[in-house]
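Below: input.cif (mmCIF, C-alpha atoms and all ligand atoms)
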```cif
data_protein
loop_
_atom_site.label_atom_id
_atom_site.label_comp_id
_atom_site.auth_asym_id
_atom_site.auth_seq_id
_atom_site.Cartn_x
_atom_site.Cartn_y
_atom_site.Cartn_z
CA MET T 1067 -10.22 155.66 110.70
CA ASN T 1068 -6.78 157.19 111.08
CA LEU T 1069 -4.23 155.28 113.10
CA THR T 1070 -0.61 155.48 114.11
CA LEU T 1071 1.32 152.22 113.84
CA ARG T 1072 4.54 151.47 115.69
CA VAL T 1073 5.91 148.51 113.75
CA TRP T 1074 8.94 146.36 114.54
CA ARG T 1075 11.29 146.52 111.54
CA GLN T 1076 14.25 144.13 111.33
CA ARG T 1077 16.11 143.46 108.09
CA ASN T 1078 17.11 139.88 108.94
CA SER T 1079 17.72 137.56 111.88
CA THR T 1080 21.09 139.08 112.74
CA ALA T 1081 20.40 142.79 112.11
CA PRO T 1082 19.25 144.88 115.08
CA GLY T 1083 15.54 145.77 114.96
CA LYS T 1084 13.67 148.91 115.95
CA PHE T 1085 10.17 150.36 116.06
CA VAL T 1086 9.26 152.58 113.10
CA GLU T 1087 6.17 154.81 113.10
CA TYR T 1088 3.72 154.82 110.18
CA ARG T 1089 0.42 156.56 109.56
CA ALA T 1090 -2.49 154.40 108.43
CA GLY T 1091 -5.06 156.80 106.99
CA ASP T 1092 -8.60 156.27 105.61
CA ILE T 1093 -8.90 152.78 107.06
CA SER T 1094 -12.37 151.22 106.89
CA PRO T 1095 -13.59 149.67 110.18
CA ASP T 1096 -14.66 146.67 108.10
CA MET T 1097 -11.12 145.91 106.94
CA SER T 1098 -9.24 143.07 108.56
CA PHE T 1099 -6.00 143.88 110.40
CA LEU T 1100 -3.99 142.32 107.56
CA GLU T 1101 -5.91 144.34 104.94
CA MET T 1102 -5.00 147.47 106.91
CA LEU T 1103 -1.33 146.39 106.71
CA ASP T 1104 -1.78 145.75 102.96
CA ILE T 1105 -2.88 149.40 102.54
CA VAL T 1106 0.12 150.64 104.53
CA ASN T 1107 2.41 148.43 102.42
CA GLU T 1108 0.92 149.75 99.15
CA GLY T 1109 1.85 153.26 100.31
CA LEU T 1110 5.37 152.12 101.23
CA ILE T 1111 5.86 150.42 97.86
CA LYS T 1112 4.63 153.56 96.00
CA ARG T 1113 7.21 155.60 97.91
CA GLY T 1114 9.94 153.08 97.01
CA ASP T 1115 10.25 151.88 100.63
CA ASP T 1116 10.54 148.29 101.80
CA PRO T 1117 7.07 146.90 102.67
CA ILE T 1118 6.46 145.42 106.14
CA ALA T 1119 7.00 141.64 106.01
CA PHE T 1120 4.31 139.58 107.71
CA ASP T 1121 3.11 135.98 107.41
CA HIS T 1122 -0.34 135.07 106.06
CA ASP T 1123 -1.96 132.43 103.89
CA CYS T 1124 -5.63 131.45 104.25
CA ARG T 1125 -6.83 134.69 105.91
CA GLU T 1126 -9.74 132.58 107.20
CA GLY T 1127 -8.42 131.63 110.63
CA ILE T 1128 -7.59 128.04 109.69
CA CYS T 1129 -3.97 127.75 108.55
CA GLY T 1130 -2.11 129.20 111.54
CA THR T 1131 0.31 131.17 109.38
CA CYS T 1132 -0.54 134.69 110.53
CA GLY T 1133 0.40 135.96 113.93
CA MET T 1134 1.82 139.07 115.52
CA VAL T 1135 1.75 140.72 118.91
CA ILE T 1136 -0.68 143.64 118.78
CA ASN T 1137 -0.52 146.09 121.69
CA GLY T 1138 1.20 143.44 123.79
CA VAL T 1139 -1.28 140.62 123.08
CA ALA T 1140 -0.59 137.70 120.74
CA HIS T 1141 -3.18 137.92 117.90
CA GLY T 1142 -4.52 141.18 119.35
CA PRO T 1143 -7.38 142.24 121.61
CA LEU T 1144 -10.20 139.92 120.48
CA PRO T 1145 -10.33 136.53 122.28
CA ALA T 1146 -10.38 133.32 120.22
CA THR T 1147 -9.48 135.20 117.04
CA THR T 1148 -6.49 134.96 114.70
CA THR T 1149 -4.84 138.16 113.45
CA CYS T 1150 -6.35 137.63 109.98
CA GLN T 1151 -9.87 137.49 111.45
CA LEU T 1152 -9.41 140.60 113.59
CA HIS T 1153 -11.22 143.63 112.16
CA MET T 1154 -10.38 147.29 112.52
CA ARG T 1155 -13.74 148.06 114.17
CA HIS T 1156 -12.18 146.68 117.36
CA PHE T 1157 -9.78 149.65 117.44
CA ARG T 1158 -10.49 153.34 118.08
CA ASP T 1159 -10.04 156.14 115.57
CA GLY T 1160 -6.74 157.87 116.38
CA GLN T 1161 -5.37 154.89 118.34
CA VAL T 1162 -1.65 154.09 118.47
CA ILE T 1163 -1.10 150.40 117.69
CA THR T 1164 2.18 148.65 118.49
CA ILE T 1165 2.92 145.62 116.31
CA GLU T 1166 5.71 143.14 117.09
CA PRO T 1167 6.70 139.63 116.00
CA TRP T 1168 6.37 136.56 118.28
CA ARG T 1169 9.24 136.95 120.72
CA ALA T 1170 10.67 133.58 121.77
CA ARG T 1171 14.18 132.17 121.30
CA PRO T 1172 12.96 129.03 119.43
CA PHE T 1173 11.16 131.37 116.94
CA PRO T 1174 13.97 133.57 115.53
CA VAL T 1175 12.89 136.62 113.52
CA ILE T 1176 13.39 136.13 109.77
CA LYS T 1177 12.28 139.64 108.82
CA ASP T 1178 10.10 142.30 110.50
CA LEU T 1179 7.04 140.39 111.79
CA VAL T 1180 7.95 137.02 110.22
CA VAL T 1181 9.45 134.40 112.52
CA ASP T 1182 10.83 130.93 111.82
CA ARG T 1183 8.41 128.40 113.34
CA SER T 1184 10.11 125.31 111.89
CA ALA T 1185 10.75 124.16 115.48
CA PHE T 1186 7.05 123.20 115.54
CA ASP T 1187 7.51 121.13 112.36
CA ARG T 1188 10.38 119.23 113.96
CA VAL T 1189 8.27 118.50 117.07
CA ILE T 1190 5.54 117.08 114.79
CA GLN T 1191 8.09 115.05 112.82
CA SER T 1192 9.21 113.42 116.08
CA GLY T 1193 5.82 111.78 116.70
CA GLY T 1194 2.78 113.78 115.57
CA TYR T 1195 1.55 111.11 113.16
CA ILE T 1196 0.07 107.60 112.99
CA SER T 1197 2.30 105.11 111.15
CA VAL T 1198 0.09 102.01 111.49
CA GLY T 1199 -2.07 101.18 108.45
CA THR T 1200 -5.54 102.58 109.17
CA GLY T 1201 -7.04 101.69 105.77
CA GLY T 1202 -9.31 103.93 103.75
CA THR T 1203 -12.19 106.08 104.97
CA PRO T 1204 -14.68 103.14 105.09
CA ASP T 1205 -12.20 101.17 107.27
CA GLY T 1206 -11.79 104.15 109.58
CA ASN T 1207 -15.56 104.43 109.91
CA THR T 1208 -15.87 100.78 111.04
CA ILE T 1209 -13.80 101.43 114.17
CA PRO T 1210 -16.25 102.34 116.93
CA ILE T 1211 -15.10 105.42 118.85
CA PRO T 1212 -17.09 106.66 121.85
CA LYS T 1213 -18.60 110.08 121.09
CA PRO T 1214 -16.91 111.81 124.09
CA ASP T 1215 -13.50 110.57 122.84
CA ALA T 1216 -14.19 111.69 119.27
CA ASP T 1217 -15.28 115.14 120.54
CA LEU T 1218 -12.25 115.51 122.81
CA SER T 1219 -9.88 114.49 120.02
CA MET T 1220 -11.54 117.01 117.68
CA ASP T 1221 -11.13 119.76 120.31
CA ALA T 1222 -7.38 119.04 120.44
CA ALA T 1223 -7.14 118.76 116.65
CA ALA T 1224 -8.43 122.34 116.36
CA CYS T 1225 -4.90 123.60 117.12
CA ILE T 1226 -3.63 125.39 114.00
CA GLY T 1227 0.02 125.57 115.11
CA CYS T 1228 0.13 129.36 115.09
CA GLY T 1229 2.56 129.68 118.02
CA ALA T 1230 0.64 132.35 119.93
CA CYS T 1231 0.79 130.15 123.05
CA VAL T 1232 4.61 130.28 122.94
CA ALA T 1233 4.65 134.02 122.29
CA ALA T 1234 2.34 134.71 125.25
CA CYS T 1235 4.21 132.50 127.72
CA LYS T 1236 6.87 134.10 129.92
CA ASN T 1237 8.80 130.80 129.66
CA ALA T 1238 8.26 130.46 125.88
CA SER T 1239 6.68 127.10 126.64
CA ALA T 1240 5.15 125.10 123.80
CA MET T 1241 3.23 122.78 126.14
CA LEU T 1242 -0.23 123.80 124.91
CA PHE T 1243 0.69 123.16 121.28
CA VAL T 1244 2.46 119.84 122.01
CA ALA T 1245 -0.30 118.71 124.38
CA ALA T 1246 -2.92 119.35 121.68
CA LYS T 1247 -0.92 117.48 119.05
CA VAL T 1248 -0.15 114.52 121.35
CA SER T 1249 -3.70 114.29 122.69
CA HIS T 1250 -5.62 114.39 119.44
CA LEU T 1251 -3.85 111.19 118.35
CA ASN T 1252 -3.43 109.49 121.76
CA ILE T 1253 -7.16 109.67 122.48
CA LEU T 1254 -8.14 107.74 119.32
CA PRO T 1255 -7.80 103.93 118.98
CA GLN T 1256 -5.71 104.38 115.81
CA GLY T 1257 -3.16 106.43 117.78
CA LYS T 1258 -2.87 104.18 120.82
CA ALA T 1259 -0.27 101.74 119.36
CA GLU T 1260 2.35 104.52 119.32
CA LYS T 1261 1.03 106.43 122.33
CA ASP T 1262 4.07 106.04 124.62
CA ARG T 1263 6.68 106.57 121.92
CA ARG T 1264 4.77 109.62 120.62
CA VAL T 1265 4.59 111.47 123.92
CA LEU T 1266 8.19 110.67 124.93
CA ASN T 1267 9.60 111.74 121.56
CA MET T 1268 7.52 114.89 121.19
CA VAL T 1269 8.32 116.11 124.70
CA ARG T 1270 12.03 115.37 124.13
CA SER T 1271 11.94 117.24 120.81
CA MET T 1272 10.14 120.20 122.44
CA ASP T 1273 12.91 120.41 125.07
CA GLN T 1274 15.66 120.10 122.46
CA GLU T 1275 14.19 122.99 120.48
CA GLY T 1276 14.63 125.22 123.53
CA PHE T 1277 11.00 125.77 124.55
CA GLY T 1278 10.62 126.48 128.28
CA ASN T 1279 8.67 124.64 130.94
CA CYS T 1280 5.02 125.18 131.80
CA THR T 1281 4.35 126.93 135.11
CA VAL T 1282 0.56 126.86 134.58
CA MET T 1283 0.04 130.64 134.29
CA GLY T 1284 -2.63 130.11 131.61
CA SER T 1285 -1.50 132.92 129.30
CA CYS T 1286 -1.29 130.36 126.46
CA GLU T 1287 -4.94 129.38 126.87
CA ALA T 1288 -5.97 133.06 127.10
CA VAL T 1289 -4.54 133.96 123.68
CA CYS T 1290 -5.17 130.69 121.84
CA PRO T 1291 -7.38 131.47 118.83
CA LYS T 1292 -8.80 127.93 118.94
CA GLU T 1293 -9.44 127.94 122.71
CA ILE T 1294 -7.29 124.86 123.34
CA SER T 1295 -7.80 124.01 127.01
CA LEU T 1296 -5.06 123.74 129.64
CA ASP T 1297 -6.66 120.37 130.48
CA PHE T 1298 -4.74 118.93 127.53
CA ILE T 1299 -1.47 119.79 129.31
CA SER T 1300 -2.59 117.74 132.36
CA ARG T 1301 -3.58 114.91 130.03
CA MET T 1302 -0.18 115.00 128.29
CA ASN T 1303 1.65 115.05 131.65
CA ARG T 1304 -0.27 111.91 132.67
CA ASP T 1305 0.51 110.20 129.35
CA PHE T 1306 4.17 111.24 129.70
CA LEU T 1307 4.58 109.89 133.25
CA LYS T 1308 2.91 106.58 132.40
CA ALA T 1309 5.07 106.21 129.28
CA LEU T 1310 8.21 107.04 131.26
CA TRP T 1311 7.30 104.43 133.89
CA ARG T 1312 6.66 101.74 131.25
CA ASP T 1313 9.84 102.75 129.36
CA LYS T 1314 11.97 102.43 132.51
CA GLY T 1315 10.22 99.14 133.38
S1 LIG T 1401 -2.41 125.71 121.05
FE1 LIG T 1401 -3.55 127.51 120.28
S2 LIG T 1401 -2.08 129.19 120.37
FE2 LIG T 1401 -0.90 127.29 120.50
S3 LIG T 1401 -0.30 126.78 118.41
FE3 LIG T 1401 -2.25 125.70 118.80
S4 LIG T 1401 -3.83 127.12 118.08
FE4 LIG T 1401 -1.96 128.36 118.27
S1 LIG T 1402 -3.75 133.57 107.58
FE1 LIG T 1402 -4.42 131.52 108.01
S2 LIG T 1402 -5.01 131.61 110.10
FE2 LIG T 1402 -4.52 133.67 109.63
#
```

Please lay out the structure from this file as structure tokens.
Amino acid sequence: MNLTLRVWRQRNSTAPGKFVEYRAGDISPDMSFLEMLDIVNEGLIKRGDDPIAFDHDCREGICGTCGMVINGVAHGPLPATTTCQLHMRHFRDGQVITIEPWRARPFPVIKDLVVDRSAFDRVIQSGGYISVGTGGTPDGNTIPIPKPDADLSMDAAACIGCGACVAACKNASAMLFVAAKVSHLNILPQGKAEKDRRVLNMVRSMDQEGFGNCTVMGSCEAVCPKEISLDFISRMNRDFLKALWRDKG
């Protein structure tokens, strides 16, 4: 396949960025999107040019490190798929592909397609953990958890923290991410002791980081590679209101 790439190049967070056009020639349809970028970068390095900076780690769809906006869609055209798991067979020979970083004020561009997602880390630090002693694995296994609760918690825990939900939202809302992280702990008995404090602190931290409000457009759910459901946002809103009521009381 031969493709034309329009890639966002930006030297650092303060430099102005611009789209630069590159040719990606002899690309196998079986390559992943990141492997295609590797080939383009090898050509740039051979010519003495600066390679395109992009984030990646596992390349197996599990770490949440990769992410870019491909032809206007966070993680590209294939639903429920991270950028690293997207293959070139989903594009047409001769296609023009526009590649941009996540665009949201709480995710400033570090370089080219790499953004700073440490805001997510700070939200997690504010309450995305269990601090009560839960013992070892055998102790954990002795706590009976209804199967529907275990399944629901696992669905929420599938969030890999990639940030596509924020990038897709016109308000740069992080509600889907925070709702997943709050819910997967709040649903389990081990997480209930800190339930109120967790939701109040994580929502406060999310607001302080500058993420916008949810207006239930659903674009987050549409691009989420782990298909995290909007239902978790409703669940978090309920937990938040109850915690606020008890806190005021
Ligand atoms: S909710 Fe989905 S899109 Fe948002 S950070 Fe988690 S996995 Fe990524
Ligand atoms: S590189 Fe880990 S999810 Fe894509």

Can you tell me which residues surround Glu1087 (chain T) at a distance of at most 7 Å, considering all atoms listed in the file, apart from same-chain residues fewer than 4 positions away, and format the answer as number ranges by chain? T: 1070-1073

Could you tell me, counting all atoms listed in the file, which protein and nucleic acid residues lie no more than 8 Å from ligand LIG 1401 (chain T), written as a PyMOL selection string? chain T and resi 1130+1224-1232+1240+1242-1244+1246+1286-1287+1289-1294

Please measure the separation of CA of Ala1140 (chain T) and CA of Trp1168 (chain T), giving the value in Å to one decimal.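 Going from CA of Ala1140 (chain T) over to CA of Trp1168 (chain T), I get 7.5 Å.
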
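Nearest to ligand LIG 1402 (chain T) of all the residues T:Asp1215, T:Glu1101, T:Asp1116, T:Glu1126 is T:Glu1126, counting all atoms listed in the file.
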
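Where the distance criterion is 10 Å and the atoms used are all atoms listed in the file, the residues close to ligand LIG 1402 (chain T) are Leu1100, Asp1121, His1122, Asp1123, Cys1124, Arg1125, Glu1126, Gly1127, Ile1128, Cys1129, Gly1130, Thr1131, Cys1132, Gly1133, His1141, Thr1147, Thr1148, Thr1149, Cys1150, Gln1151, Leu1152, Ile1226, Gly1227, Cys1228 and Pro1291 of chain T.
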
Could you check the closest approach to Arg1264 (chain T) for each of T:Ser1219, T:Thr1208, T:Asn1107, T:Gln1191 and tell me which residue wins, using only C-alpha atoms? T:Gln1191

Which residue out of T:Leu1110, T:Met1067, T:Ile1176, T:Met1302 has the minimum interatomic distance to Asp1096 (chain T) when all atoms listed in the file are used? T:Met1067

One decimal, Å: what's the distance from CA of Asp1092 (chain T) over to CA of Asn1068 (chain T), could you say?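 Separation between CA of Asp1092 (chain T) and CA of Asn1068 (chain T): 5.8 Å.
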
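Minimum atom-to-atom distances from T:Gly1199, T:Gly1206, T:Gly1278, T:Gly1138 to Ala1259 (chain T) were compared using only C-alpha atoms, and the lowest value belongs to T:Gly1199.
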
Judged by all atoms listed in the file, the minimum distance to Leu1218 (chain T) among T:Leu1251, T:Ala1238, T:Met1268, T:Ala1081 is found for T:Leu1251

Atomic distance CA of Ala1234 (chain T) - CA of Asp1104 (chain T), expressed in Å with one decimal: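 One can read the CA of Ala1234 (chain T) to CA of Asp1104 (chain T) distance as 25.2 Å.
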
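When all atoms listed in the file are used to compute distances to Asp1205 (chain T), the closest of the residues T:Gln1256, T:Ala1119, T:Ala1185, T:Ala1233 turns out to be T:Gln1256.
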
Skip Ser1192 (chain T) itself and residues of its chain fewer than 2 positions away, then list as a list in words all residues within 12 Å of it, counting only C-alpha atoms. Ala1185, Phe1186, Asp1187, Arg1188, Val1189, Ile1190, Gly1194, Tyr1195, Ile1196, Ser1197, Val1244, Lys1247, Val1248, Glu1260, Arg1263, Arg1264, Val1265, Leu1266, Asn1267, Met1268, Val1269, Arg1270, Ser1271, Met1272, Asp1273, Gln1274 and Glu1275 of chain T

Counting all atoms listed in the file, what is within 12 Å of Gly1091 (chain T), bar same-chain residues fewer than 3 positions away, as a list in words? Met1067, Asn1068, Leu1069, Thr1070, Leu1071, Tyr1088, Ser1094, Pro1095, Met1102, Leu1103, Ile1105, Val1106, Gly1109, Asp1159, Gly1160 and Gln1161 of chain T
